[in-house]
>>> print(open('upload07.cif').read())   # mmCIF, C-alpha atoms
data_entry
#
loop_
_atom_site.label_atom_id
_atom_site.label_comp_id
_atom_site.auth_asym_id
_atom_site.auth_seq_id
_atom_site.Cartn_x
_atom_site.Cartn_y
_atom_site.Cartn_z
CA MET A 3 -34.31 10.78 -7.33
CA LYS A 4 -32.61 8.01 -9.36
CA ILE A 5 -28.81 8.16 -9.33
CA SER A 6 -26.09 6.58 -11.50
CA VAL A 7 -22.49 6.60 -10.24
CA ILE A 8 -19.74 6.63 -12.87
CA ILE A 9 -16.30 5.29 -11.93
CA PRO A 10 -13.66 5.60 -14.68
CA THR A 11 -10.58 3.48 -14.07
CA TYR A 12 -7.27 2.55 -15.63
CA ASN A 13 -4.87 0.10 -13.94
CA ARG A 14 -6.07 0.95 -10.44
CA ALA A 15 -7.29 -2.44 -9.27
CA SER A 16 -5.55 -1.96 -5.91
CA PHE A 17 -7.77 1.08 -5.19
CA LEU A 18 -10.96 -0.04 -6.89
CA GLU A 19 -12.39 -2.32 -4.20
CA SER A 20 -12.36 0.41 -1.55
CA CYS A 21 -13.78 2.86 -4.08
CA ILE A 22 -16.77 0.68 -4.98
CA LYS A 23 -17.40 -0.27 -1.35
CA SER A 24 -17.60 3.41 -0.42
CA VAL A 25 -20.53 3.74 -2.84
CA LEU A 26 -22.26 0.59 -1.65
CA GLU A 27 -21.97 1.74 1.97
CA GLN A 28 -23.74 5.06 1.44
CA THR A 29 -26.52 5.85 3.91
CA CYS A 30 -28.70 6.59 0.88
CA CYS A 31 -28.40 3.89 -1.76
CA VAL A 32 -27.68 4.76 -5.38
CA ASP A 33 -29.53 2.99 -8.19
CA GLU A 34 -26.66 2.12 -10.52
CA ILE A 35 -22.87 1.88 -10.42
CA ILE A 36 -21.02 1.94 -13.76
CA VAL A 37 -17.33 1.08 -13.86
CA VAL A 38 -15.75 2.14 -17.16
CA ASP A 39 -12.46 0.30 -17.62
CA ASP A 40 -10.30 2.41 -19.93
CA GLY A 41 -8.15 -0.43 -21.23
CA SER A 42 -6.62 -1.74 -17.99
CA ASN A 43 -4.13 -4.61 -18.17
CA ASP A 44 -4.09 -5.39 -14.44
CA ASN A 45 -6.73 -7.41 -12.54
CA THR A 46 -9.39 -4.73 -12.74
CA PHE A 47 -12.02 -7.09 -14.16
CA GLU A 48 -11.44 -9.67 -11.43
CA THR A 49 -11.83 -6.93 -8.82
CA VAL A 50 -15.05 -5.59 -10.32
CA LYS A 51 -16.82 -8.90 -10.92
CA GLN A 52 -17.25 -9.53 -7.18
CA PHE A 53 -19.69 -6.59 -7.07
CA ASP A 54 -23.14 -6.05 -8.57
CA VAL A 55 -22.13 -3.22 -10.91
CA LYS A 56 -22.29 -2.49 -14.62
CA TYR A 57 -18.84 -3.08 -16.15
CA ILE A 58 -17.90 -1.49 -19.48
CA TYR A 59 -14.51 -2.12 -21.12
CA GLN A 60 -13.06 0.16 -23.77
CA THR A 61 -9.65 0.49 -25.37
CA ASN A 62 -7.49 3.09 -23.66
CA GLN A 63 -8.85 6.50 -24.75
CA GLY A 64 -8.47 8.66 -21.66
CA VAL A 65 -10.56 9.68 -18.70
CA SER A 66 -12.79 12.08 -20.68
CA LYS A 67 -13.88 9.31 -23.01
CA ALA A 68 -14.39 6.96 -20.06
CA ARG A 69 -16.61 9.44 -18.22
CA ASN A 70 -18.56 10.23 -21.40
CA THR A 71 -19.08 6.50 -22.00
CA GLY A 72 -20.48 6.25 -18.49
CA ILE A 73 -22.81 9.21 -18.97
CA LEU A 74 -24.16 7.84 -22.25
CA ASN A 75 -24.81 4.43 -20.67
CA ALA A 76 -26.36 5.77 -17.47
CA LYS A 77 -30.05 4.95 -17.18
CA ASN A 78 -30.88 7.47 -14.45
CA GLY A 79 -31.49 11.21 -14.39
CA TRP A 80 -28.82 12.10 -11.83
CA ILE A 81 -25.10 11.48 -12.25
CA ALA A 82 -22.33 11.29 -9.65
CA PHE A 83 -18.65 10.85 -10.49
CA LEU A 84 -16.04 9.02 -8.45
CA ASP A 85 -12.45 8.47 -9.57
CA SER A 86 -11.28 4.95 -8.82
CA ASP A 87 -8.46 6.05 -6.48
CA ASP A 88 -10.83 8.10 -4.30
CA ILE A 89 -13.55 7.17 -1.81
CA TRP A 90 -16.77 8.75 -0.58
CA HIS A 91 -17.75 9.26 3.04
CA LYS A 92 -20.94 7.42 3.98
CA ASN A 93 -23.35 10.36 3.89
CA LYS A 94 -22.16 12.05 0.69
CA ILE A 95 -25.13 11.07 -1.47
CA ALA A 96 -27.52 11.93 1.35
CA HIS A 97 -26.23 15.52 1.35
CA HIS A 98 -26.76 15.86 -2.41
CA ILE A 99 -30.27 14.42 -2.21
CA GLU A 100 -31.18 16.79 0.61
CA PHE A 101 -29.84 19.83 -1.25
CA HIS A 102 -31.51 19.08 -4.59
CA THR A 103 -34.80 18.11 -2.94
CA ASN A 104 -34.84 21.53 -1.27
CA ASN A 105 -33.58 23.29 -4.42
CA PRO A 106 -35.39 21.55 -7.29
CA LEU A 107 -34.23 24.04 -9.94
CA SER A 108 -30.54 23.45 -9.21
CA LEU A 109 -28.80 21.18 -11.71
CA ALA A 110 -25.41 20.64 -10.03
CA SER A 111 -23.62 20.53 -6.70
CA PHE A 112 -20.28 19.47 -5.27
CA THR A 113 -18.74 18.95 -1.85
CA ASP A 114 -15.47 19.60 -0.12
CA GLU A 115 -12.86 16.83 -0.03
CA ARG A 116 -10.03 15.62 2.15
CA TRP A 117 -6.56 14.99 0.70
CA ILE A 118 -4.45 12.15 2.06
CA ARG A 119 -0.81 11.31 1.41
CA ASN A 120 1.02 8.44 3.12
CA GLU A 121 -1.98 7.87 5.41
CA LYS A 122 -1.81 11.46 6.68
CA ILE A 123 -4.29 14.26 6.00
CA ILE A 124 -2.72 17.06 3.95
CA ASN A 125 -3.27 20.59 5.22
CA LEU A 126 -4.47 22.50 2.19
CA LYS A 127 -2.98 25.81 1.14
CA THR A 128 -5.17 28.91 1.17
CA HIS A 129 -5.80 28.81 -2.58
CA GLN A 130 -6.93 25.17 -2.32
CA ILE A 131 -9.73 25.89 0.15
CA LYS A 132 -13.15 25.36 -1.44
CA GLU A 133 -15.75 28.07 -1.92
CA MET A 134 -18.86 28.74 -3.95
CA PRO A 135 -17.53 28.77 -7.53
CA THR A 136 -18.27 31.34 -10.19
CA PHE A 137 -16.91 31.54 -13.70
CA LEU A 138 -14.55 34.36 -12.75
CA ASN A 139 -13.17 32.90 -9.54
CA SER A 140 -12.61 29.58 -11.32
CA LEU A 141 -10.36 30.95 -14.06
CA LYS A 142 -7.09 30.56 -12.18
CA ARG A 143 -7.45 26.95 -11.05
CA CYS A 144 -9.79 23.99 -10.85
CA LYS A 145 -12.06 24.54 -7.83
CA ILE A 146 -14.13 21.35 -8.01
CA GLY A 147 -12.92 17.81 -7.44
CA ALA A 148 -14.37 15.42 -10.00
CA SER A 149 -15.13 12.86 -7.28
CA THR A 150 -17.28 15.41 -5.46
CA PHE A 151 -19.44 16.45 -8.44
CA PHE A 152 -23.14 15.59 -8.75
CA CYS A 153 -25.50 16.79 -11.47
CA HIS A 154 -28.59 16.19 -13.56
CA LYS A 155 -27.81 14.28 -16.75
CA GLN A 156 -29.61 16.94 -18.80
CA LEU A 157 -26.81 19.38 -17.98
CA PHE A 158 -24.55 17.66 -20.54
CA GLU A 159 -27.12 18.28 -23.25
CA PHE A 160 -26.97 21.99 -22.40
CA VAL A 161 -23.17 22.52 -22.17
CA GLY A 162 -21.62 19.46 -23.80
CA TYR A 163 -19.67 16.51 -22.46
CA PHE A 164 -16.07 16.15 -21.28
CA ASP A 165 -13.67 17.29 -24.01
CA GLU A 166 -12.00 14.11 -25.24
CA SER A 167 -9.15 16.05 -26.89
CA LEU A 168 -7.84 17.12 -23.46
CA ILE A 169 -5.65 14.55 -21.71
CA ALA A 170 -5.63 16.73 -18.58
CA CYS A 171 -7.68 19.63 -17.14
CA GLU A 172 -10.80 18.13 -18.69
CA ASP A 173 -12.65 18.78 -15.45
CA TYR A 174 -11.49 22.43 -15.30
CA ASP A 175 -12.74 22.80 -18.86
CA LEU A 176 -16.19 21.37 -18.10
CA TRP A 177 -16.67 23.39 -14.90
CA LEU A 178 -15.96 26.61 -16.80
CA ARG A 179 -18.46 25.72 -19.51
CA ILE A 180 -21.10 24.97 -16.90
CA LEU A 181 -20.40 28.05 -14.78
CA ARG A 182 -20.85 30.38 -17.74
CA LYS A 183 -24.51 29.37 -17.77
CA TYR A 184 -25.45 27.63 -14.54
CA PRO A 185 -24.49 27.73 -10.86
CA ILE A 186 -22.76 24.79 -9.19
CA HIS A 187 -23.73 24.79 -5.53
CA TYR A 188 -21.05 24.16 -2.90
CA ILE A 189 -21.92 21.81 -0.03
CA ASP A 190 -19.49 22.80 2.71
CA GLU A 191 -18.72 19.32 4.04
CA LYS A 192 -15.67 17.10 3.48
CA LEU A 193 -17.47 14.12 1.98
CA ALA A 194 -14.77 12.52 -0.17
CA SER A 195 -11.17 11.47 0.38
CA LYS A 196 -8.56 11.85 -2.34
CA TYR A 197 -5.31 9.90 -2.14
CA ALA A 198 -2.33 11.83 -3.50
CA GLY A 199 1.19 10.89 -4.48
CA HIS A 200 0.71 7.50 -6.13
CA PRO A 201 1.69 6.57 -9.71
CA ASN A 202 -0.80 7.00 -12.57
CA GLN A 203 -2.21 10.28 -11.25
CA LEU A 204 -2.85 12.62 -14.18
CA SER A 205 -2.49 15.87 -12.27
CA PHE A 206 0.98 14.85 -11.10
CA GLU A 207 2.21 12.98 -14.17
CA THR A 208 1.11 15.34 -16.95
CA LYS A 209 3.93 17.65 -18.00
CA THR A 210 3.25 21.23 -19.12
CA ILE A 211 -0.26 20.94 -17.68
CA ASP A 212 -0.90 24.67 -18.14
CA LYS A 213 -1.20 24.20 -21.89
CA TYR A 214 -4.44 22.26 -21.36
CA ARG A 215 -5.80 25.05 -19.17
CA ILE A 216 -4.96 27.45 -22.01
CA TYR A 217 -6.85 25.27 -24.51
CA ALA A 218 -9.85 25.32 -22.16
CA LEU A 219 -9.73 29.09 -21.63
CA LYS A 220 -9.57 29.83 -25.36
CA LYS A 221 -13.13 28.54 -25.70
CA HIS A 222 -14.31 31.63 -23.80
CA LEU A 223 -12.57 34.37 -25.77
CA GLU A 224 -15.84 35.42 -27.36
CA SER A 225 -17.75 35.42 -24.09
CA GLU A 226 -18.90 38.32 -21.95
CA TYR A 227 -15.81 37.63 -19.84
CA LYS A 228 -13.33 38.27 -22.65
CA VAL A 229 -11.25 40.82 -20.69
CA GLU A 230 -10.78 38.53 -17.69
CA VAL A 231 -10.17 35.46 -19.86
CA LEU A 232 -7.51 37.27 -21.88
CA GLN A 233 -5.78 38.41 -18.70
CA GLU A 234 -5.63 34.83 -17.45
CA LEU A 235 -4.55 33.48 -20.84
CA ILE A 236 -1.63 35.91 -20.98
CA TYR A 237 -0.61 35.05 -17.41
CA LYS A 238 -0.77 31.28 -17.98
CA THR A 239 0.99 31.47 -21.35
CA GLU A 240 3.83 33.55 -19.94
CA LEU A 241 4.19 31.04 -17.11
CA LEU A 242 4.22 28.13 -19.54
CA LEU A 243 6.84 29.80 -21.74
CA LYS A 244 9.03 30.55 -18.74
CA GLY A 245 9.08 26.84 -17.92
CA ALA A 246 9.68 25.91 -21.55
CA ILE A 247 12.74 28.19 -21.71
CA LYS A 248 14.09 26.70 -18.49
CA HIS A 249 13.72 23.13 -19.76
CA GLY A 250 14.52 23.78 -23.43
CA ASN A 251 11.10 22.66 -24.64
CA THR A 252 11.17 23.93 -28.23
CA GLU A 253 7.78 22.44 -29.11
CA ILE A 254 6.05 24.50 -26.42
CA LEU A 255 8.06 27.60 -27.35
CA GLU A 256 7.11 27.37 -31.02
CA GLU A 257 3.39 26.95 -30.33
CA PHE A 258 2.86 29.29 -27.43
CA GLU A 259 5.09 32.25 -28.36
CA LYS A 260 2.68 32.73 -31.28
CA GLU A 261 -0.28 32.29 -28.96
CA LEU A 262 1.05 34.88 -26.52
CA ASN A 263 1.47 37.45 -29.29
CA TYR A 264 -2.07 36.71 -30.44
CA PHE A 265 -3.51 37.16 -26.95
CA ILE A 266 -1.63 40.43 -26.41
CA ALA A 267 -2.91 41.73 -29.75
CA LEU A 268 -6.50 40.99 -28.68
CA LYS A 269 -6.25 43.20 -25.55
#
>>> encode(input="upload07.cif", output="C-alpha cells")
Amino acid sequence: MKISVIIPTYNRASFLESCIKSVLEQTCCVDEIIVVDDGSNDNTFETVKQFDVKYIYQTNQGVSKARNTGILNAKNGWIAFLDSDDIWHKNKIAHHIEFHTNNPLSLASFTDERWIRNEKIINLKTHQIKEMPTFLNSLKRCKIGASTFFCHKQLFEFVGYFDESLIACEDYDLWLRILRKYPIHYIDEKLASKYAGHPNQLSFETKTIDKYRIYALKKHLESEYKVEVLQELIYKTELLLKGAIKHGNTEILEEFEKELNYFIALK
C-alpha cells in the first residue's frame, strides 16, 4: 500500500514543523509527503526545506484548491490528509493500513481525534462524539475531521474533488458526496490531535458559516434523500436568517429569504 500525505498550509510556519514530524515518526512509514503552500508570506518555505518532502507553492486560492493540488500531484494510490496545525499520533497510519488490508473493497476510513486548547484536552459535547457516518446522520454537521481522513485516490474520480468555490465547509460537502455512494469506515481510536483557538482557523473565523453548508446541501435536492435534505435546508436557512436579522446583515437576508421560500415551496 503506497501512501501520499497531503498537508495544505497558509501562514502556519509555527505549527508546520510539529505537523511534518508527526508524519515522519509514524510506526508505518508513508511514501510521500506533499506540502502545498497556499501563498504564505511567513517563513513556511524555510521551515519545510529542512525536511525531505515535496513542496508546492501556489498563489492564495483557499484550502480546497490546495488539497486538490496535492491530490493531482500525488504519485501514490492512497491519500491521507493532515492540516498543518494538527498532528498525528504515531500509529495512525498503521491503523488505516490494517483496516484496508482486512477490508480490501473499502475505499475510505477516518479516525477519532483529540481537541486541545491552551494545552488542555477539550471535553467534547455529545453531538461532537464520533460515530460511523451515513449520509443522513451527517446532514446536521461535519462528522469527519479532515486530518483523520484516509482514502483511495480513485474515490475522487468517482465523486469529484474538493469544491473550490466553498471557502468553508468544503470537507462537509465532500463527505456528503462520498456518503451518498460509498461508506466511510470509522476507526474508533483518537489518532490525531487538533489545536483549537488560534488565529487563521477557518471554522472559527468564517462568518455566516451556515451559508456554505446550505450551498453543499443544495447539491442533493434531487437525490433519494430529498425529504431529509429539504428539512435540513429549511432548518439551516431559518437559523442563518435569524442571525442575519440580529446583526443587520442585509446581504444574507436578500439572498436567503428567497432561498427559504423556494425550499418551503419544494416540500
>>> atom_distance(input="upload07.cif", atom1="atom CA of Asp40 of chain A", atom2="atom CA of Ile73 of chain A")
14.3 Å
>>> closest_atom_pairs(input="upload07.cif", of="segment 3-106 of chain A", to="segment 136-152 of chain A", cutoff="6 Å", atoms="only C-alpha atoms", output="tab-separated table")
residue	atom	partner	partner_atom	distance
A:Ile81	CA	A:Phe152	CA	5.7
A:Ala82	CA	A:Phe152	CA	4.5
A:Phe83	CA	A:Ser149	CA	5.2
A:Leu84	CA	A:Ser149	CA	4.1
A:Asp85	CA	A:Ser149	CA	5.6
>>> write_last_selection(input="upload07.cif", atoms="C-alpha atoms", output="short mmCIF file (atom, residue, chain, number, x, y, z; two decimals), in the frame of the given file")
data_model
loop_
_atom_site.label_atom_id
_atom_site.label_comp_id
_atom_site.auth_asym_id
_atom_site.auth_seq_id
_atom_site.Cartn_x
_atom_site.Cartn_y
_atom_site.Cartn_z
CA ILE A 81 -25.10 11.48 -12.25
CA ALA A 82 -22.33 11.29 -9.65
CA PHE A 83 -18.65 10.85 -10.49
CA LEU A 84 -16.04 9.02 -8.45
CA ASP A 85 -12.45 8.47 -9.57
#
>>> closest_residue(input="upload07.cif", among="A:Val229, A:Leu178, A:Met134, A:Ala194", to="Trp117 of chain A", atoms="only C-alpha atoms")
A:Ala194
>>> atom_distance(input="upload07.cif", atom1="atom CA of Trp80 of chain A", atom2="atom CA of Cys30 of chain A")
13.9 Å
>>> closest_residue(input="upload07.cif", among="A:Leu107, A:Leu157, A:Ile36, A:Met3", to="Phe53 of chain A", atoms="all atoms listed in the file")
A:Ile36
>>> resolve_selection(input="upload07.cif", expression="the PyMOL selection byres ((chain A and resi 49) around 12)", output="list in words")
Thr11, Asn13, Arg14, Ala15, Ser16, Phe17, Leu18, Glu19, Ser20, Cys21, Ile22, Lys23, Val37, Asp39, Ser42, Asp44, Asn45, Thr46, Phe47, Glu48, Val50, Lys51, Gln52, Phe53, Asp54, Val55, Tyr57 and Ser86 of chain A
>>> write_last_selection(input="upload07.cif", atoms="C-alpha atoms", output="PDB file, keeping the file's coordinate frame")
ATOM      1  CA  THR A  11     -10.580   3.480 -14.070  1.00  0.00           C
ATOM      2  CA  ASN A  13      -4.870   0.100 -13.940  1.00  0.00           C
ATOM      3  CA  ARG A  14      -6.070   0.950 -10.440  1.00  0.00           C
ATOM      4  CA  ALA A  15      -7.290  -2.440  -9.270  1.00  0.00           C
ATOM      5  CA  SER A  16      -5.550  -1.960  -5.910  1.00  0.00           C
ATOM      6  CA  PHE A  17      -7.770   1.080  -5.190  1.00  0.00           C
ATOM      7  CA  LEU A  18     -10.960  -0.040  -6.890  1.00  0.00           C
ATOM      8  CA  GLU A  19     -12.390  -2.320  -4.200  1.00  0.00           C
ATOM      9  CA  SER A  20     -12.360   0.410  -1.550  1.00  0.00           C
ATOM     10  CA  CYS A  21     -13.780   2.860  -4.080  1.00  0.00           C
ATOM     11  CA  ILE A  22     -16.770   0.680  -4.980  1.00  0.00           C
ATOM     12  CA  LYS A  23     -17.400  -0.270  -1.350  1.00  0.00           C
ATOM     13  CA  VAL A  37     -17.330   1.080 -13.860  1.00  0.00           C
ATOM     14  CA  ASP A  39     -12.460   0.300 -17.620  1.00  0.00           C
ATOM     15  CA  SER A  42      -6.620  -1.740 -17.990  1.00  0.00           C
ATOM     16  CA  ASP A  44      -4.090  -5.390 -14.440  1.00  0.00           C
ATOM     17  CA  ASN A  45      -6.730  -7.410 -12.540  1.00  0.00           C
ATOM     18  CA  THR A  46      -9.390  -4.730 -12.740  1.00  0.00           C
ATOM     19  CA  PHE A  47     -12.020  -7.090 -14.160  1.00  0.00           C
ATOM     20  CA  GLU A  48     -11.440  -9.670 -11.430  1.00  0.00           C
ATOM     21  CA  VAL A  50     -15.050  -5.590 -10.320  1.00  0.00           C
ATOM     22  CA  LYS A  51     -16.820  -8.900 -10.920  1.00  0.00           C
ATOM     23  CA  GLN A  52     -17.250  -9.530  -7.180  1.00  0.00           C
ATOM     24  CA  PHE A  53     -19.690  -6.590  -7.070  1.00  0.00           C
ATOM     25  CA  ASP A  54     -23.140  -6.050  -8.570  1.00  0.00           C
ATOM     26  CA  VAL A  55     -22.130  -3.220 -10.910  1.00  0.00           C
ATOM     27  CA  TYR A  57     -18.840  -3.080 -16.150  1.00  0.00           C
ATOM     28  CA  SER A  86     -11.280   4.950  -8.820  1.00  0.00           C
TER      29      SER A  86
END
>>> resolve_selection(input="upload07.cif", expression="the PyMOL selection byres ((chain A and resi 216) around 12)", output="MDAnalysis selection string")
chainID A and resid 141:143 168 170:172 174:175 210:215 217:223 231:242 257:258 261:262 265
>>> write_last_selection(input="upload07.cif", atoms="C-alpha atoms", output="short mmCIF file (atom, residue, chain, number, x, y, z; two decimals), in the coordinates of the input")
data_model
loop_
_atom_site.label_atom_id
_atom_site.label_comp_id
_atom_site.auth_asym_id
_atom_site.auth_seq_id
_atom_site.Cartn_x
_atom_site.Cartn_y
_atom_site.Cartn_z
CA LEU A 141 -10.36 30.95 -14.06
CA LYS A 142 -7.09 30.56 -12.18
CA ARG A 143 -7.45 26.95 -11.05
CA LEU A 168 -7.84 17.12 -23.46
CA ALA A 170 -5.63 16.73 -18.58
CA CYS A 171 -7.68 19.63 -17.14
CA GLU A 172 -10.80 18.13 -18.69
CA TYR A 174 -11.49 22.43 -15.30
CA ASP A 175 -12.74 22.80 -18.86
CA THR A 210 3.25 21.23 -19.12
CA ILE A 211 -0.26 20.94 -17.68
CA ASP A 212 -0.90 24.67 -18.14
CA LYS A 213 -1.20 24.20 -21.89
CA TYR A 214 -4.44 22.26 -21.36
CA ARG A 215 -5.80 25.05 -19.17
CA TYR A 217 -6.85 25.27 -24.51
CA ALA A 218 -9.85 25.32 -22.16
CA LEU A 219 -9.73 29.09 -21.63
CA LYS A 220 -9.57 29.83 -25.36
CA LYS A 221 -13.13 28.54 -25.70
CA HIS A 222 -14.31 31.63 -23.80
CA LEU A 223 -12.57 34.37 -25.77
CA VAL A 231 -10.17 35.46 -19.86
CA LEU A 232 -7.51 37.27 -21.88
CA GLN A 233 -5.78 38.41 -18.70
CA GLU A 234 -5.63 34.83 -17.45
CA LEU A 235 -4.55 33.48 -20.84
CA ILE A 236 -1.63 35.91 -20.98
CA TYR A 237 -0.61 35.05 -17.41
CA LYS A 238 -0.77 31.28 -17.98
CA THR A 239 0.99 31.47 -21.35
CA GLU A 240 3.83 33.55 -19.94
CA LEU A 241 4.19 31.04 -17.11
CA LEU A 242 4.22 28.13 -19.54
CA GLU A 257 3.39 26.95 -30.33
CA PHE A 258 2.86 29.29 -27.43
CA GLU A 261 -0.28 32.29 -28.96
CA LEU A 262 1.05 34.88 -26.52
CA PHE A 265 -3.51 37.16 -26.95
#
>>> residues_near_point(input="upload07.cif", point="(-29.6, 29.3, -10.7)", cutoff="10 Å", atoms="all atoms listed in the file", output="list in words")
Asn105, Leu107, Ser108, Leu109, Ala110, Lys183, Tyr184, Pro185, Ile186 and His187 of chain A
